[in-house]
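Peer 1: Before we start, here is the structure in question, set down as structure tokens.
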Amino acid sequence: MSIPSTLQTGWEEAVAVRTRAGLLRQTEVLQPLPGSRPCYRDTAGMTLLSFASNDYLGLARHPALRSAAIESLEGGEYGAGAAPLLGGVRTEHAALALALAEWLGVEEVLLFGSGYLANLGILTALVEAGDQLFLDRLAHASLIDGARLSGVRFQRFRHNDLAHLETLLQKPTAGRAWIVTEGVFSMDGDLAPLPELAALAERYGAGLLLDEAHAFGVLGEQGRGSLAHWGLTADAVTLRVGTLGKAFGSYGAFVAGPRSLMRWLQQAARSYLFHTALPANVAAASRAALDLLRQGEALRKHLGDLRDTLQTGLQGRSYLPSSTPIQGLILGGNDAALQAAAQLRAAGMYCPAVRPPTVPAGQARLRISLSAAHDLHDIEGLLAALQGVDGNAR
Ligand SMILES: *Cc1c(COP(=O)(O)O)cnc(C)c1O
């Protein structure tokens with residue numbers, strides 16, 4: 001136990017500063033209660049209905065995932081024990097990758113430990129010195145961190161602003177250009193204008209990396225995501241990233257694209273090379289989730305009904321209209337957002353305040369995340385609990 005006192009006072013003060021600013025972050029223990037609705041018990045014994053999960057289809061509690069995981073465990077091994085290139089993968093991983101590739105109509109899919117790792121690996125492996133990277137202003141932290149780690153100078157274009165992106169693309173450069181964006185934005189729930197982005201990428205010979213973390217399972221026929229939603233084919237983008245931790249209700253991630261690219265990622269993506277493969281039973285559960293997700297039209301329809309009910313109830317509020325299960329109620333200041341979250345909690349609902357730096361300063365909010373496991377009654381309860389919640393947003 002020897003932490004130099006100079007260091008210690010440094011971070012203690014930094015935590016104190018955040019606490020005073022209403023920016024302290026803490027993880028709490030929430031135990032799932034039986035049933036398909038996303039209910040949890042906190043450490044004080046209170047029952048909370050969650051509006052914070054990205055388990056959009058409610059698959060995390062589906063018995064088919066549980067039995068697939070248990071059946072795989074009968075194979076005798078829990079942890080995979082080594083990196084895929086060292087210790088190999090199991091039939092569960094191979095079957096999952098094949099099924100994902102078939103679902104998306106791509107040549108190949110490569111599994112990663114998580115979406116965060118996938119984005120770090122892709123950007124560092126694909127981008128070379130002299131290349132230019134253009135990221136949407138609201139791109140996820142993992143994309144920004146990947147861009148930083150790539151070592152090239154990168155620029156951020158104004159959110160979904162095609163004209164701004166084009167002025168950046170017009171500047172002559174020796175290397176290649178990459179456009180990086182999300183199909184559905186994680187905090188605002190709005191969509192990227194993909195047909196126009198794909199056309200721009202083609203016109204300027206730029207690569208297009210699309211993060212589908214919040215789109216797969218939610219948008220398009222069979223939950224195939226943004227390309228299906230916009231009526232585009234797989235070749236409209238260079239590659240797509242998906243996580244298995246959100247609408248799949250499982251854990252892990254994947255990258256989908258041309259075989260030659262996947263081959264290269266296997267050589268050069270360090271977060272692939274140096275990560276331990278997912279446990280086989282996690283892959284098995286994800287495979288079961290894919291079947292449910294593909295057949296999930298009724299779940300997606302129900303999700304749309306819940307969203308419409310919420311939107312109708314929130315009319316006239318400082319509210320971000322979105323066609324996805326991500327619904328933002330902007331409250332402005334951090335304290336206003338914390339207070340709103342506390343009011344919901346007192347009413348038995350869990351929807352933590354999202355504050356900077358996750359969202360821009362002055363845009364602290366409740367990020368209401370809907371799930372097909374909610375029922376209409378839950379939305380009415382939420383609307384009642386939100387009575388009188390108002391921020392200092394402009
Ligand atoms: C959640 C998320 C990730 C990270 O995925 P994990 O599997 O949770 O690591 C990447 N990109 C976006 C847009 C996300 O929302």
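Numbering starts fresh at 1 for the residues of each chain in the structure tokens, the chains themselves are lettered A, B, ... in the order given, and ligands are numbered from 1 as they appear.
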Using only C-alpha atoms, determine which residues lie at most 12 Å from Asn160 (chain A), disregarding the query and same-chain residues fewer than 6 positions distant; provide the list as a PDB file with N, CA and C atoms, in the first residue's frame.
Peer 2:
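The resulting around-v7.pdb:
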```pdb
ATOM      1  N   PHE A 134     -13.031  11.356 -40.507  1.00  0.00           N
ATOM      2  CA  PHE A 134     -14.090  12.332 -40.233  1.00  0.00           C
ATOM      3  C   PHE A 134     -15.170  11.662 -39.403  1.00  0.00           C
ATOM      4  N   LEU A 135     -15.337  12.141 -38.193  1.00  0.00           N
ATOM      5  CA  LEU A 135     -16.315  11.554 -37.269  1.00  0.00           C
ATOM      6  C   LEU A 135     -17.474  12.508 -37.030  1.00  0.00           C
ATOM      7  N   ASP A 136     -18.662  11.949 -36.976  1.00  0.00           N
ATOM      8  CA  ASP A 136     -19.803  12.776 -36.580  1.00  0.00           C
ATOM      9  C   ASP A 136     -19.550  13.314 -35.168  1.00  0.00           C
ATOM     10  N   ARG A 137     -19.972  14.535 -34.939  1.00  0.00           N
ATOM     11  CA  ARG A 137     -19.772  15.198 -33.647  1.00  0.00           C
ATOM     12  C   ARG A 137     -20.316  14.364 -32.480  1.00  0.00           C
ATOM     13  N   LEU A 138     -21.385  13.591 -32.717  1.00  0.00           N
ATOM     14  CA  LEU A 138     -21.988  12.816 -31.631  1.00  0.00           C
ATOM     15  C   LEU A 138     -21.564  11.342 -31.627  1.00  0.00           C
ATOM     16  N   ALA A 139     -20.503  11.032 -32.359  1.00  0.00           N
ATOM     17  CA  ALA A 139     -20.059   9.629 -32.405  1.00  0.00           C
ATOM     18  C   ALA A 139     -19.678   9.149 -30.995  1.00  0.00           C
ATOM     19  N   GLU A 166     -18.939  17.556 -46.409  1.00  0.00           N
ATOM     20  CA  GLU A 166     -18.430  17.669 -47.776  1.00  0.00           C
ATOM     21  C   GLU A 166     -17.313  18.706 -47.874  1.00  0.00           C
ATOM     22  N   ILE A 179     -15.140   8.007 -43.345  1.00  0.00           N
ATOM     23  CA  ILE A 179     -16.252   8.653 -42.653  1.00  0.00           C
ATOM     24  C   ILE A 179     -16.737   7.671 -41.581  1.00  0.00           C
ATOM     25  N   VAL A 180     -16.909   8.179 -40.366  1.00  0.00           N
ATOM     26  CA  VAL A 180     -17.287   7.310 -39.253  1.00  0.00           C
ATOM     27  C   VAL A 180     -18.550   7.868 -38.598  1.00  0.00           C
ATOM     28  N   THR A 181     -19.590   7.039 -38.553  1.00  0.00           N
ATOM     29  CA  THR A 181     -20.820   7.523 -37.932  1.00  0.00           C
ATOM     30  C   THR A 181     -21.643   6.359 -37.378  1.00  0.00           C
ATOM     31  N   GLU A 182     -22.789   6.685 -36.821  1.00  0.00           N
ATOM     32  CA  GLU A 182     -23.669   5.679 -36.232  1.00  0.00           C
ATOM     33  C   GLU A 182     -24.995   5.649 -36.980  1.00  0.00           C
ATOM     34  N   GLY A 183     -25.579   4.473 -37.105  1.00  0.00           N
ATOM     35  CA  GLY A 183     -26.876   4.359 -37.765  1.00  0.00           C
ATOM     36  C   GLY A 183     -27.963   5.017 -36.931  1.00  0.00           C
ATOM     37  N   VAL A 184     -27.936   4.729 -35.619  1.00  0.00           N
ATOM     38  CA  VAL A 184     -28.828   5.356 -34.635  1.00  0.00           C
ATOM     39  C   VAL A 184     -27.935   5.931 -33.553  1.00  0.00           C
ATOM     40  N   PHE A 185     -28.077   7.196 -33.251  1.00  0.00           N
ATOM     41  CA  PHE A 185     -27.189   7.812 -32.268  1.00  0.00           C
ATOM     42  C   PHE A 185     -27.601   7.449 -30.850  1.00  0.00           C
ATOM     43  N   ASP A 188     -29.193  10.619 -28.588  1.00  0.00           N
ATOM     44  CA  ASP A 188     -30.328  11.371 -29.127  1.00  0.00           C
ATOM     45  C   ASP A 188     -31.354  10.459 -29.795  1.00  0.00           C
ATOM     46  N   ASP A 190     -31.595   9.657 -32.804  1.00  0.00           N
ATOM     47  CA  ASP A 190     -31.930   9.996 -34.192  1.00  0.00           C
ATOM     48  C   ASP A 190     -31.069   9.171 -35.157  1.00  0.00           C
ATOM     49  N   LEU A 191     -31.418   9.241 -36.445  1.00  0.00           N
ATOM     50  CA  LEU A 191     -30.754   8.410 -37.443  1.00  0.00           C
ATOM     51  C   LEU A 191     -29.768   9.230 -38.271  1.00  0.00           C
ATOM     52  N   ALA A 192     -28.717   8.577 -38.735  1.00  0.00           N
ATOM     53  CA  ALA A 192     -27.826   9.224 -39.699  1.00  0.00           C
ATOM     54  C   ALA A 192     -28.494   9.172 -41.073  1.00  0.00           C
ATOM     55  N   PRO A 193     -28.333  10.231 -41.892  1.00  0.00           N
ATOM     56  CA  PRO A 193     -28.912  10.219 -43.245  1.00  0.00           C
ATOM     57  C   PRO A 193     -28.063   9.335 -44.156  1.00  0.00           C
ATOM     58  N   LEU A 194     -28.265   8.046 -44.033  1.00  0.00           N
ATOM     59  CA  LEU A 194     -27.348   7.085 -44.626  1.00  0.00           C
ATOM     60  C   LEU A 194     -27.278   7.111 -46.157  1.00  0.00           C
ATOM     61  N   PRO A 195     -28.421   7.243 -46.865  1.00  0.00           N
ATOM     62  CA  PRO A 195     -28.312   7.273 -48.328  1.00  0.00           C
ATOM     63  C   PRO A 195     -27.397   8.410 -48.801  1.00  0.00           C
ATOM     64  N   GLU A 196     -27.538   9.575 -48.194  1.00  0.00           N
ATOM     65  CA  GLU A 196     -26.718  10.720 -48.596  1.00  0.00           C
ATOM     66  C   GLU A 196     -25.262  10.513 -48.191  1.00  0.00           C
ATOM     67  N   LEU A 197     -25.056   9.947 -47.004  1.00  0.00           N
ATOM     68  CA  LEU A 197     -23.691   9.696 -46.541  1.00  0.00           C
ATOM     69  C   LEU A 197     -22.986   8.694 -47.458  1.00  0.00           C
TER      70      LEU A 197
END
```
Peer 1: Any chance you could list, as a ChimeraX atom specification, the residues in region 186-385 of chain A that come up helix (DSSP H, G or I) when DSSP is run on the backbone?
Peer 2: /A:194-203,221-223,226-230,234-236,259-268,270-273,280-294,297-313,334-346,376-385
Peer 1: Using only C-alpha atoms and all ligand atoms, find each residue of chain A with at least one atom at most 9 Å away from an atom of ligand 1; report its shortest atom-to-atom pair and that distance in Å (one decimal), sort the rows by chain and rising residue number, and return the result as a tab-separated table.
Peer 2:
```
residue	atom	partner	partner_atom_place_in_ligand_line	distance
A:Asn54	CA	ligand 1	1 (C)	8.4
A:Phe112	CA	ligand 1	7 (O)	8.7
A:Gly113	CA	ligand 1	7 (O)	7.5
A:Ser114	CA	ligand 1	7 (O)	3.9
A:Gly115	CA	ligand 1	5 (O)	3.3
A:Tyr116	CA	ligand 1	9 (O)	3.8
A:Leu117	CA	ligand 1	9 (O)	6.5
A:Ala118	CA	ligand 1	9 (O)	7.8
A:Asn119	CA	ligand 1	10 (C)	6.9
A:Ala139	CA	ligand 1	13 (C)	6.8
A:His140	CA	ligand 1	13 (C)	4.8
A:Ala141	CA	ligand 1	11 (N)	7.4
A:Ser142	CA	ligand 1	10 (C)	5.8
A:Leu143	CA	ligand 1	11 (N)	7.0
A:Thr181	CA	ligand 1	13 (C)	8.6
A:Glu182	CA	ligand 1	13 (C)	6.1
A:Gly183	CA	ligand 1	13 (C)	8.4
A:Val184	CA	ligand 1	13 (C)	7.6
A:Phe185	CA	ligand 1	13 (C)	6.5
A:Ser186	CA	ligand 1	15 (O)	4.9
A:Met187	CA	ligand 1	15 (O)	8.1
A:Asp211	CA	ligand 1	13 (C)	5.8
A:Glu212	CA	ligand 1	13 (C)	6.7
A:Ala213	CA	ligand 1	12 (C)	4.9
A:His214	CA	ligand 1	15 (O)	6.1
A:Val241	CA	ligand 1	11 (N)	7.9
A:Gly242	CA	ligand 1	5 (O)	7.6
A:Thr243	CA	ligand 1	7 (O)	4.5
A:Leu244	CA	ligand 1	7 (O)	6.3
A:Gly245	CA	ligand 1	7 (O)	5.2
A:Lys246	CA	ligand 1	1 (C)	7.2
A:Tyr251	CA	ligand 1	7 (O)	6.6
A:Gly252	CA	ligand 1	7 (O)	5.5
A:Ala253	CA	ligand 1	7 (O)	5.4
A:Phe254	CA	ligand 1	7 (O)	8.8
```
Peer 1: Return as CSV the residues of region 200-301 of chain A lying at most 12 Å from region 97-106 of chain A, together with the closest atom-to-atom pair for each and the distance in Å to one decimal, counting only C-alpha atoms, with rows in chain order and ascending residue number.
Peer 2:
```
residue,atom,partner,partner_atom,distance
A:Glu212,CA,A:Leu104,CA,11.8
A:Phe216,CA,A:Leu104,CA,9.9
A:Gly217,CA,A:Trp103,CA,11.2
A:Gly220,CA,A:Leu104,CA,11.2
A:Glu221,CA,A:Trp103,CA,10.6
A:Gln222,CA,A:Trp103,CA,8.4
A:Gly223,CA,A:Trp103,CA,9.4
A:Arg224,CA,A:Leu104,CA,6.3
A:Gly225,CA,A:Leu104,CA,8.8
A:Ser226,CA,A:Leu104,CA,11.0
A:Leu227,CA,A:Leu104,CA,9.4
A:Ala228,CA,A:Leu104,CA,9.2
A:Leu232,CA,A:Gly105,CA,11.7
A:Thr233,CA,A:Gly105,CA,8.5
A:Ala234,CA,A:Gly105,CA,6.6
A:Asp235,CA,A:Val106,CA,8.6
A:Ala236,CA,A:Val106,CA,11.5
A:Val237,CA,A:Val106,CA,10.9
A:Thr238,CA,A:Val106,CA,10.6
A:Leu239,CA,A:Val106,CA,9.2
A:Arg240,CA,A:Leu104,CA,9.8
A:Val241,CA,A:Leu104,CA,11.4
A:Gly242,CA,A:Leu100,CA,10.1
A:Thr243,CA,A:Leu100,CA,11.6
A:Leu244,CA,A:Leu100,CA,10.8
A:Phe248,CA,A:Leu100,CA,11.6
A:Gly252,CA,A:Ala97,CA,11.7
A:Ala253,CA,A:Ala97,CA,10.3
A:Phe254,CA,A:Ala97,CA,8.1
A:Val255,CA,A:Ala101,CA,9.5
A:Ala256,CA,A:Val106,CA,6.4
A:Gly257,CA,A:Val106,CA,5.4
A:Pro258,CA,A:Val106,CA,6.4
A:Arg259,CA,A:Val106,CA,8.3
A:Ser260,CA,A:Val106,CA,11.6
A:Leu261,CA,A:Val106,CA,11.4
A:Met262,CA,A:Val106,CA,10.8
A:Ala283,CA,A:Ala97,CA,9.0
A:Ala284,CA,A:Ala97,CA,10.7
A:Ser286,CA,A:Leu100,CA,9.9
A:Arg287,CA,A:Ala99,CA,7.5
A:Ala288,CA,A:Ala99,CA,10.3
A:Ala289,CA,A:Leu100,CA,10.9
A:Leu290,CA,A:Leu100,CA,7.6
A:Asp291,CA,A:Ala99,CA,9.1
A:Leu293,CA,A:Trp103,CA,10.6
A:Arg294,CA,A:Trp103,CA,8.2
A:Gln295,CA,A:Trp103,CA,11.6
```
Peer 1: Nearest to Phe274 (chain A): which of A:Ala215, A:Ala83, A:Leu110, A:Leu165 is it, counting only C-alpha atoms?
Peer 2: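 Smallest separation from Phe274 (chain A) among the options: A:Ala83.
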Peer 1: What's the 7 Å shell around region 16-23 of chain A, counting only C-alpha atoms, without same-chain residues fewer than 3 positions away, as a ChimeraX atom specification?
Peer 2: /A:12-13,334-335,355
Peer 1: Between CA of Ala268 (chain A) and CA of Gly151 (chain A), what is the spacing in Å?
Peer 2: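 Rounded to one decimal, the two atoms are 14.7 Å apart.
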Peer 1: CA of His374 (chain A) and CA of Val29 (chain A) are how many Å apart?
Peer 2: 21.2 Å
Peer 1: Set the distance at 10 Å and use only C-alpha atoms: which residues neighbour Ala44 (chain A) once local chain neighbours fewer than 2 positions away are removed? I'd like the list as a ChimeraX atom specification.
Peer 2: /A:29-30,41-42,46-47
Peer 1: Show me, as a list in words, the residues that have an atom within 10 Å of Thr276 (chain A) when counting only C-alpha atoms, minus same-chain residues fewer than 6 positions from it.
Peer 2: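 Everything that qualifies: Gly79, Ala80, Gly81, Ala82, Ala83, Pro84, Leu85, Leu86, Gly87, Phe112 and Gly113 of chain A.
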Peer 1: May I have the selected residues written with N, CA, C and O atoms, as a PDB file, in the first residue's frame?
Peer 2:
```
ATOM      1  N   GLY A  79     -14.770 -20.586 -19.551  1.00  0.00           N
ATOM      2  CA  GLY A  79     -13.928 -19.597 -20.219  1.00  0.00           C
ATOM      3  C   GLY A  79     -13.220 -20.197 -21.425  1.00  0.00           C
ATOM      4  O   GLY A  79     -12.870 -21.376 -21.422  1.00  0.00           O
ATOM      5  N   ALA A  80     -13.000 -19.376 -22.470  1.00  0.00           N
ATOM      6  CA  ALA A  80     -12.330 -19.877 -23.678  1.00  0.00           C
ATOM      7  C   ALA A  80     -10.833 -20.046 -23.440  1.00  0.00           C
ATOM      8  O   ALA A  80     -10.151 -20.747 -24.179  1.00  0.00           O
ATOM      9  N   GLY A  81     -10.294 -19.350 -22.451  1.00  0.00           N
ATOM     10  CA  GLY A  81      -8.934 -19.629 -22.013  1.00  0.00           C
ATOM     11  C   GLY A  81      -7.809 -18.926 -22.747  1.00  0.00           C
ATOM     12  O   GLY A  81      -6.696 -18.845 -22.226  1.00  0.00           O
ATOM     13  N   ALA A  82      -8.068 -18.431 -23.928  1.00  0.00           N
ATOM     14  CA  ALA A  82      -6.986 -17.784 -24.689  1.00  0.00           C
ATOM     15  C   ALA A  82      -7.565 -16.930 -25.799  1.00  0.00           C
ATOM     16  O   ALA A  82      -8.772 -16.981 -26.089  1.00  0.00           O
ATOM     17  N   ALA A  83      -6.690 -16.172 -26.443  1.00  0.00           N
ATOM     18  CA  ALA A  83      -7.097 -15.380 -27.599  1.00  0.00           C
ATOM     19  C   ALA A  83      -7.515 -16.331 -28.725  1.00  0.00           C
ATOM     20  O   ALA A  83      -7.012 -17.452 -28.810  1.00  0.00           O
ATOM     21  N   PRO A  84      -8.436 -15.893 -29.600  1.00  0.00           N
ATOM     22  CA  PRO A  84      -8.910 -16.775 -30.675  1.00  0.00           C
ATOM     23  C   PRO A  84      -7.766 -17.332 -31.535  1.00  0.00           C
ATOM     24  O   PRO A  84      -7.802 -18.487 -31.932  1.00  0.00           O
ATOM     25  N   LEU A  85      -6.767 -16.501 -31.808  1.00  0.00           N
ATOM     26  CA  LEU A  85      -5.687 -16.944 -32.685  1.00  0.00           C
ATOM     27  C   LEU A  85      -4.761 -17.930 -31.991  1.00  0.00           C
ATOM     28  O   LEU A  85      -4.019 -18.657 -32.633  1.00  0.00           O
ATOM     29  N   LEU A  86      -4.817 -17.958 -30.679  1.00  0.00           N
ATOM     30  CA  LEU A  86      -3.932 -18.830 -29.915  1.00  0.00           C
ATOM     31  C   LEU A  86      -4.655 -20.115 -29.518  1.00  0.00           C
ATOM     32  O   LEU A  86      -4.190 -21.222 -29.821  1.00  0.00           O
ATOM     33  N   GLY A  87      -5.784 -19.968 -28.857  1.00  0.00           N
ATOM     34  CA  GLY A  87      -6.489 -21.134 -28.320  1.00  0.00           C
ATOM     35  C   GLY A  87      -7.633 -21.621 -29.197  1.00  0.00           C
ATOM     36  O   GLY A  87      -8.352 -22.539 -28.811  1.00  0.00           O
ATOM     37  N   PHE A 112     -15.753  -9.962 -31.711  1.00  0.00           N
ATOM     38  CA  PHE A 112     -14.872  -9.227 -30.800  1.00  0.00           C
ATOM     39  C   PHE A 112     -15.397  -9.374 -29.363  1.00  0.00           C
ATOM     40  O   PHE A 112     -16.543  -9.758 -29.152  1.00  0.00           O
ATOM     41  N   GLY A 113     -14.553  -8.988 -28.408  1.00  0.00           N
ATOM     42  CA  GLY A 113     -14.930  -9.088 -27.006  1.00  0.00           C
ATOM     43  C   GLY A 113     -16.030  -8.123 -26.614  1.00  0.00           C
ATOM     44  O   GLY A 113     -16.851  -8.413 -25.745  1.00  0.00           O
TER      45      GLY A 113
END
```
Peer 1: Given only C-alpha atoms as the basis, pick out the residue of A:Ala364, A:Asp161, A:Trp178, A:Leu111 nearest to Gln132 (chain A).
Peer 2: A:Trp178
Peer 1: Let me make sure I understand: among A:Ala206, A:Leu24, A:Leu49, A:Leu219, which one has the smallest atom-to-atom distance to Pro325 (chain A) if we use only C-alpha atoms?
Peer 2: A:Leu219
Peer 1: Calculate how many Å separate CA of Glu71 (chain A) from CA of Ala372 (chain A), rounding to one decimal.
Peer 2: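 Spanning CA of Glu71 (chain A) to CA of Ala372 (chain A) is a straight-line distance of 26.1 Å.
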Peer 1: Report the residues of region 45-224 of chain A whose backbone DSSP state falls under strand (DSSP E), written as a PDB file with C-alpha atoms, in the first residue's frame.
Peer 2:
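Once everything was written out, this is result_21.pdb:
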```pdb
ATOM      1  CA  THR A  47     -38.346  -2.507  -6.642  1.00  0.00           C
ATOM      2  CA  LEU A  48     -37.449  -0.470  -9.702  1.00  0.00           C
ATOM      3  CA  LEU A  49     -38.741  -0.662 -13.265  1.00  0.00           C
ATOM      4  CA  SER A  50     -35.825   0.127 -15.549  1.00  0.00           C
ATOM      5  CA  GLU A 108     -17.732 -12.503 -43.269  1.00  0.00           C
ATOM      6  CA  VAL A 109     -18.204 -11.556 -39.647  1.00  0.00           C
ATOM      7  CA  LEU A 110     -15.475 -11.341 -37.030  1.00  0.00           C
ATOM      8  CA  LEU A 111     -16.375 -11.611 -33.343  1.00  0.00           C
ATOM      9  CA  PHE A 112     -14.872  -9.227 -30.800  1.00  0.00           C
ATOM     10  CA  GLN A 132      -8.026  11.417 -42.831  1.00  0.00           C
ATOM     11  CA  LEU A 133     -10.788  10.497 -40.431  1.00  0.00           C
ATOM     12  CA  PHE A 134     -14.090  12.332 -40.233  1.00  0.00           C
ATOM     13  CA  LEU A 135     -16.315  11.554 -37.269  1.00  0.00           C
ATOM     14  CA  ASP A 136     -19.803  12.776 -36.580  1.00  0.00           C
ATOM     15  CA  PHE A 154      -9.105  13.473 -37.147  1.00  0.00           C
ATOM     16  CA  GLN A 155     -11.876  15.953 -37.539  1.00  0.00           C
ATOM     17  CA  ARG A 156     -15.455  15.972 -36.384  1.00  0.00           C
ATOM     18  CA  PHE A 157     -18.239  17.186 -38.602  1.00  0.00           C
ATOM     19  CA  ALA A 177     -10.535   9.349 -46.224  1.00  0.00           C
ATOM     20  CA  TRP A 178     -12.819   7.549 -43.764  1.00  0.00           C
ATOM     21  CA  ILE A 179     -16.252   8.653 -42.653  1.00  0.00           C
ATOM     22  CA  VAL A 180     -17.287   7.310 -39.253  1.00  0.00           C
ATOM     23  CA  THR A 181     -20.820   7.523 -37.932  1.00  0.00           C
ATOM     24  CA  GLU A 182     -23.669   5.679 -36.232  1.00  0.00           C
ATOM     25  CA  GLY A 207     -14.477   4.479 -46.611  1.00  0.00           C
ATOM     26  CA  LEU A 208     -17.646   4.438 -44.531  1.00  0.00           C
ATOM     27  CA  LEU A 209     -17.647   2.825 -41.097  1.00  0.00           C
ATOM     28  CA  LEU A 210     -21.107   2.455 -39.584  1.00  0.00           C
ATOM     29  CA  ASP A 211     -21.667   1.661 -35.920  1.00  0.00           C
TER      30      ASP A 211
END
```
